[in-house]
Amino acid sequence: MQLPPYLTSDALDDVIRRSLVEDVGPGDVTTEATVAPDREGRATIRAKAPGVVAGLAVAERVFTHVNAGTRCLWSVADGTVVEPGVEIGSVQGSARGLLVAERLALNILQRMSGIATATRHMVNAAAPHSPDILDTRKTAPGLRRLDKWAVRLGGGTNHRVGLYDLILIKDNHIAAAGGVRPALDSARDYCTQNGRDDLYIEIETGTLDEVRAVIDHGGADIILLDNMAAARSDGSVDVSMLQEAVSLVDDHCRTEASGNVTLDTVAAIASTGVDAISSGALTHSVTALDISMQMTVQ
């Protein structure tokens with residue numbers, strides 16, 4: 001199993017252990033009361049809705065954490081588009097182990113697949129212009145690395161993982177620092193004084209004047225153009241301001257658009273030539289992909 005660079009094997013094991021403690025506690029009393037300890041079982045996992053499968057490696061890890069002898073046989077790979085009724089794979093082993101692991105494995109598989117599906121739809125909608133489709137920090141607490149992994153499997157690109165791997169100066173930072181110029185100066189000084197040449201500096205702008213102020217003060221690695229695609233009453237967006245901002249920035253640095261990003265608006269936003277588009281909706285309001293597990297005994 002190849003993990004993304006921000007997720008170690010130990011960190012994944014920790015997420016699974018904590019989740020099993022939450023769900024199983026001192027024991028699955030229903031399974032213990034109804035299923036003999038020596039009973040072997042097999043379960044088929046199927047998609048019940050169209051979408052992109054993601055999280056197979058995590059689901060397998062859940063099953064083997066509960067019972068090391070469980071065998072997972074996947075019929076598709078992470079990132080595969082499936083239709084309703086398609087068999088994703090099967091798991092075999094202790095019937096008790098399969099039943100104990102079922103809910104957590106499906107919860108992770110369904111959530112990650114839902115995120116991957118939403119990401120793939122947005123990537124496809126923006127495809128003619130090919131901007132990076134970015135996630136945000138609007139993730140489920142404790143599951144951020146899994147949420148971001150699902151975005152990658154859906155064809156998206158990960159933004160910063162946390163507050164530690166990119167300097168993102170937002171409107172409240174600018175207000176607290178006393179303006180765009182002192183905020184940028186302080187960020188540059190921080191990188192120099194702490195030997196952090198690896199940190200990119202991104203700064204949020206909400207007006208054309210703010211964009212000009214950033215450019216006039218030496219720019220940044222990335223300029224975030226926030227809410228410059230104005231929502232219209234019919235659900236579309238007016239991208240004229242965003243288009244002008246992208247033109248102002250030109251080749252000074254990369255641009256990222258955020259705000260009012262939906263499946264219906266992403267193509268118009270992408271048409272401005274912005275380098276990247278970030279969407280919190282990919283993870284904060286995901287619709288889980290319907291996936292089922294059906295047991296048989298051996």
# chains A, B, ... in the order shown; residues from 1 in each chain; ligands from 1
$ residues_around --residues "Asp13 of chain A" --least-positions-apart "5" --cutoff "9 Å" --atoms "only C-alpha atoms" --output "PyMOL selection string"
chain A and resi 8+18+61-62+65
$ residues_around --residues "segment 287-293 of chain A" --least-positions-apart "6" --cutoff "8 Å" --atoms "only C-alpha atoms" --output "PyMOL selection string"
chain A and resi 43-51+102+106+109-115+117
$ atom_distance --atom1 "atom CA of Leu7 of chain A" --atom2 "atom CA of Ile223 of chain A"
27.5 Å
$ residues_around --residues "Trp74 of chain A" --least-positions-apart "4" --cutoff "8 Å" --atoms "only C-alpha atoms" --output "PyMOL selection string"
chain A and resi 56+88-90
$ closest_atom_pairs --of "segment 171-222 of chain A" --to "segment 164-167 of chain A" --cutoff "8 Å" --atoms "only C-alpha atoms" --output "CSV"
residue,atom,partner,partner_atom,distance
A:Ala187,CA,A:Ile167,CA,7.5
A:Leu199,CA,A:Leu166,CA,5.4
A:Tyr200,CA,A:Leu166,CA,5.5
A:Ile201,CA,A:Ile167,CA,4.8
A:Glu202,CA,A:Ile167,CA,6.0
$ write_last_selection --atoms "all heavy atoms" --output "CSV table (one decimal), in the first residue's frame"
chain,number,residue,atom,x,y,z
A,187,ALA,N,6.1,38.0,7.1
A,187,ALA,CA,6.1,36.7,6.6
A,187,ALA,C,7.5,36.4,6.0
A,187,ALA,O,8.1,35.3,6.2
A,187,ALA,CB,5.0,36.4,5.6
A,199,LEU,N,9.0,27.2,2.7
A,199,LEU,CA,7.7,27.7,2.9
A,199,LEU,C,7.3,28.6,1.8
A,199,LEU,O,7.9,29.7,1.6
A,199,LEU,CB,7.5,28.4,4.3
A,199,LEU,CG,7.4,27.5,5.5
A,199,LEU,CD1,7.4,28.4,6.8
A,199,LEU,CD2,6.2,26.6,5.5
A,200,TYR,N,6.2,28.3,1.1
A,200,TYR,CA,5.6,29.3,0.2
A,200,TYR,C,4.8,30.3,1.0
A,200,TYR,O,4.3,29.9,2.0
A,200,TYR,CB,4.7,28.5,-0.8
A,200,TYR,CG,5.5,27.8,-1.9
A,200,TYR,CD1,4.9,26.7,-2.5
A,200,TYR,CD2,6.7,28.2,-2.3
A,200,TYR,CE1,5.5,25.9,-3.5
A,200,TYR,CE2,7.4,27.4,-3.3
A,200,TYR,CZ,6.8,26.3,-3.9
A,200,TYR,OH,7.5,25.6,-4.9
A,201,ILE,N,4.7,31.5,0.4
A,201,ILE,CA,3.9,32.5,1.0
A,201,ILE,C,2.7,32.8,0.1
A,201,ILE,O,2.9,33.1,-1.1
A,201,ILE,CB,4.6,33.8,1.2
A,201,ILE,CG1,5.8,33.6,2.2
A,201,ILE,CG2,3.7,34.9,1.7
A,201,ILE,CD1,6.7,34.8,2.4
A,202,GLU,N,1.5,32.6,0.6
A,202,GLU,CA,0.3,32.9,-0.1
A,202,GLU,C,-0.5,34.0,0.6
A,202,GLU,O,-0.5,34.0,1.9
A,202,GLU,CB,-0.6,31.7,-0.3
A,202,GLU,CG,-1.9,31.9,-1.0
A,202,GLU,CD,-2.7,30.6,-1.3
A,202,GLU,OE1,-2.2,29.5,-0.9
A,202,GLU,OE2,-3.7,30.7,-2.0
$ select_by_dssp --residues "segment 111-298 of chain A" --states "strand (DSSP E or B)" --output "PyMOL selection string"
chain A and resi 132-134+157+167-169+201-205+222-226+230-231+237-238+254-258+276-278+291-297
$ closest_residue --among "A:Ile133, A:Ala77, A:Ala126, A:Leu104" --to "Ile16 of chain A" --atoms "only C-alpha atoms"
A:Leu104
$ residues_around --residues "segment 236-240 of chain A" --least-positions-apart "6" --cutoff "7 Å" --atoms "only C-alpha atoms" --output "PyMOL selection string"
chain A and resi 228-230+265+269
$ select_by_dssp --residues "segment 91-290 of chain A" --states "helix (DSSP H, G or I)" --output "PyMOL selection string"
chain A and resi 95-126+144-153+171-177+180-193+208-216+240-249+266-270+281-284
$ residues_around --residues "segment 180-182 of chain A" --least-positions-apart "2" --cutoff "12 Å" --atoms "only C-alpha atoms" --output "ChimeraX atom specification"
/A:169-178,184-190,202-206,209-220,223
$ write_last_selection --atoms "N, CA, C and O atoms" --output "short mmCIF file (atom, residue, chain, number, x, y, z; two decimals), in the first residue's frame"
data_model
loop_
_atom_site.label_atom_id
_atom_site.label_comp_id
_atom_site.auth_asym_id
_atom_site.auth_seq_id
_atom_site.Cartn_x
_atom_site.Cartn_y
_atom_site.Cartn_z
N ILE A 169 -1.63 33.99 4.35
CA ILE A 169 -2.01 35.21 5.04
C ILE A 169 -3.43 35.57 4.60
O ILE A 169 -3.65 35.99 3.46
N LYS A 170 -4.38 35.40 5.50
CA LYS A 170 -5.78 35.67 5.17
C LYS A 170 -6.18 37.05 5.70
O LYS A 170 -5.38 37.77 6.30
N ASP A 171 -7.44 37.40 5.47
CA ASP A 171 -7.88 38.76 5.79
C ASP A 171 -7.69 39.10 7.26
O ASP A 171 -7.29 40.23 7.60
N ASN A 172 -7.94 38.15 8.15
CA ASN A 172 -7.77 38.43 9.57
C ASN A 172 -6.30 38.59 9.95
O ASN A 172 -5.96 39.36 10.86
N HIS A 173 -5.40 37.85 9.29
CA HIS A 173 -3.97 38.06 9.52
C HIS A 173 -3.56 39.45 9.07
O HIS A 173 -2.78 40.14 9.75
N ILE A 174 -4.07 39.86 7.92
CA ILE A 174 -3.74 41.19 7.38
C ILE A 174 -4.22 42.28 8.34
O ILE A 174 -3.50 43.25 8.64
N ALA A 175 -5.45 42.10 8.87
CA ALA A 175 -5.98 43.08 9.82
C ALA A 175 -5.14 43.13 11.08
O ALA A 175 -4.82 44.21 11.60
N ALA A 176 -4.76 41.94 11.60
CA ALA A 176 -3.98 41.88 12.83
C ALA A 176 -2.57 42.41 12.64
O ALA A 176 -1.96 42.97 13.57
N ALA A 177 -2.03 42.24 11.41
CA ALA A 177 -0.66 42.70 11.14
C ALA A 177 -0.59 44.18 10.84
O ALA A 177 0.49 44.78 10.90
N GLY A 178 -1.74 44.78 10.48
CA GLY A 178 -1.76 46.21 10.18
C GLY A 178 -1.75 46.54 8.70
O GLY A 178 -1.50 47.69 8.33
N LEU A 184 3.15 40.99 4.66
CA LEU A 184 4.12 40.37 3.76
C LEU A 184 5.54 40.50 4.30
O LEU A 184 6.33 39.54 4.25
N ASP A 185 5.87 41.67 4.80
CA ASP A 185 7.22 41.88 5.35
C ASP A 185 7.49 40.91 6.50
O ASP A 185 8.57 40.31 6.58
N SER A 186 6.51 40.76 7.39
CA SER A 186 6.69 39.88 8.54
C SER A 186 6.83 38.42 8.11
O SER A 186 7.64 37.67 8.67
N ALA A 187 6.06 38.03 7.10
CA ALA A 187 6.14 36.65 6.61
C ALA A 187 7.51 36.38 5.99
O ALA A 187 8.12 35.33 6.23
N ARG A 188 8.00 37.32 5.20
CA ARG A 188 9.32 37.15 4.59
C ARG A 188 10.41 37.10 5.66
O ARG A 188 11.34 36.29 5.58
N ASP A 189 10.31 37.98 6.66
CA ASP A 189 11.30 37.99 7.74
C ASP A 189 11.27 36.66 8.50
O ASP A 189 12.32 36.14 8.89
N TYR A 190 10.07 36.14 8.74
CA TYR A 190 9.94 34.87 9.46
C TYR A 190 10.69 33.76 8.72
O TYR A 190 11.43 32.98 9.33
N GLU A 202 1.51 32.61 0.59
CA GLU A 202 0.28 32.91 -0.14
C GLU A 202 -0.47 33.99 0.62
O GLU A 202 -0.47 33.99 1.86
N ILE A 203 -1.09 34.91 -0.10
CA ILE A 203 -1.83 35.99 0.56
C ILE A 203 -3.20 36.15 -0.09
O ILE A 203 -3.34 36.07 -1.31
N GLU A 204 -4.18 36.35 0.75
CA GLU A 204 -5.56 36.50 0.29
C GLU A 204 -5.84 37.94 -0.11
O GLU A 204 -5.44 38.88 0.58
N THR A 205 -6.54 38.11 -1.21
CA THR A 205 -7.00 39.43 -1.65
C THR A 205 -8.48 39.33 -1.99
O THR A 205 -8.95 38.30 -2.48
N GLY A 206 -9.19 40.42 -1.74
CA GLY A 206 -10.62 40.43 -2.04
C GLY A 206 -11.04 41.54 -2.97
O GLY A 206 -12.20 41.61 -3.38
N ASP A 209 -7.69 46.47 -5.75
CA ASP A 209 -6.70 47.32 -5.09
C ASP A 209 -5.76 46.48 -4.22
O ASP A 209 -4.55 46.76 -4.15
N GLU A 210 -6.29 45.48 -3.57
CA GLU A 210 -5.45 44.61 -2.74
C GLU A 210 -4.50 43.80 -3.61
O GLU A 210 -3.33 43.58 -3.24
N VAL A 211 -4.98 43.35 -4.76
CA VAL A 211 -4.10 42.64 -5.70
C VAL A 211 -2.95 43.54 -6.12
O VAL A 211 -1.78 43.15 -6.12
N ARG A 212 -3.27 44.79 -6.46
CA ARG A 212 -2.24 45.75 -6.87
C ARG A 212 -1.25 46.00 -5.74
O ARG A 212 -0.03 46.09 -5.97
N ALA A 213 -1.76 46.08 -4.53
CA ALA A 213 -0.89 46.34 -3.37
C ALA A 213 0.10 45.20 -3.18
O ALA A 213 1.28 45.43 -2.87
N VAL A 214 -0.35 43.97 -3.36
CA VAL A 214 0.55 42.82 -3.22
C VAL A 214 1.61 42.85 -4.31
O VAL A 214 2.81 42.67 -4.05
N ILE A 215 1.19 43.09 -5.54
CA ILE A 215 2.14 43.12 -6.66
C ILE A 215 3.15 44.24 -6.49
O ILE A 215 4.36 44.05 -6.69
N ASP A 216 2.66 45.41 -6.08
CA ASP A 216 3.55 46.57 -5.90
C ASP A 216 4.56 46.34 -4.78
O ASP A 216 5.63 46.98 -4.78
N HIS A 217 4.24 45.44 -3.85
CA HIS A 217 5.15 45.19 -2.73
C HIS A 217 5.95 43.90 -2.95
O HIS A 217 6.36 43.26 -1.99
N GLY A 218 6.14 43.54 -4.19
CA GLY A 218 7.01 42.40 -4.47
C GLY A 218 6.31 41.08 -4.66
O GLY A 218 6.95 40.06 -4.92
N GLY A 219 4.98 41.09 -4.51
CA GLY A 219 4.22 39.88 -4.75
C GLY A 219 4.37 38.82 -3.68
O GLY A 219 4.89 39.06 -2.59
N ALA A 220 3.92 37.62 -4.00
CA ALA A 220 4.01 36.47 -3.13
C ALA A 220 4.15 35.26 -4.04
O ALA A 220 4.15 35.38 -5.26
N ILE A 223 -1.17 34.30 -5.04
CA ILE A 223 -2.18 35.28 -4.63
C ILE A 223 -3.54 34.59 -4.67
O ILE A 223 -3.94 34.05 -5.71
#
$ atom_distance --atom1 "atom CA of Thr70 of chain A" --atom2 "atom CA of Gly97 of chain A"
7.8 Å
$ atom_distance --atom1 "atom CA of Glu244 of chain A" --atom2 "atom CA of Ser258 of chain A"
15.2 Å
$ closest_residue --among "A:Val91, A:Ala116, A:Met122, A:Asp275" --to "Thr262 of chain A" --atoms "only C-alpha atoms"
A:Met122
$ residues_around --residues "segment 35-37 of chain A" --least-positions-apart "6" --cutoff "8 Å" --atoms "only C-alpha atoms" --output "PDB file with C-alpha atoms, in the first residue's frame"
ATOM      1  CA  SER A  94     -13.461 -15.031  10.700  1.00  0.00           C
ATOM      2  CA  ALA A  95     -17.167 -14.217  10.490  1.00  0.00           C
ATOM      3  CA  ARG A  96     -16.903 -12.394  13.802  1.00  0.00           C
TER       4      ARG A  96
END
$ residues_around --residues "Leu146 of chain A" --least-positions-apart "6" --cutoff "10 Å" --atoms "only C-alpha atoms" --output "list in words"
Pro4, Tyr6, Leu7, Leu12, Val15, Ala54, Gly55, Val58, Ile108, Arg111, Met112, Ile115, Thr139, Ala140 and Arg152 of chain A
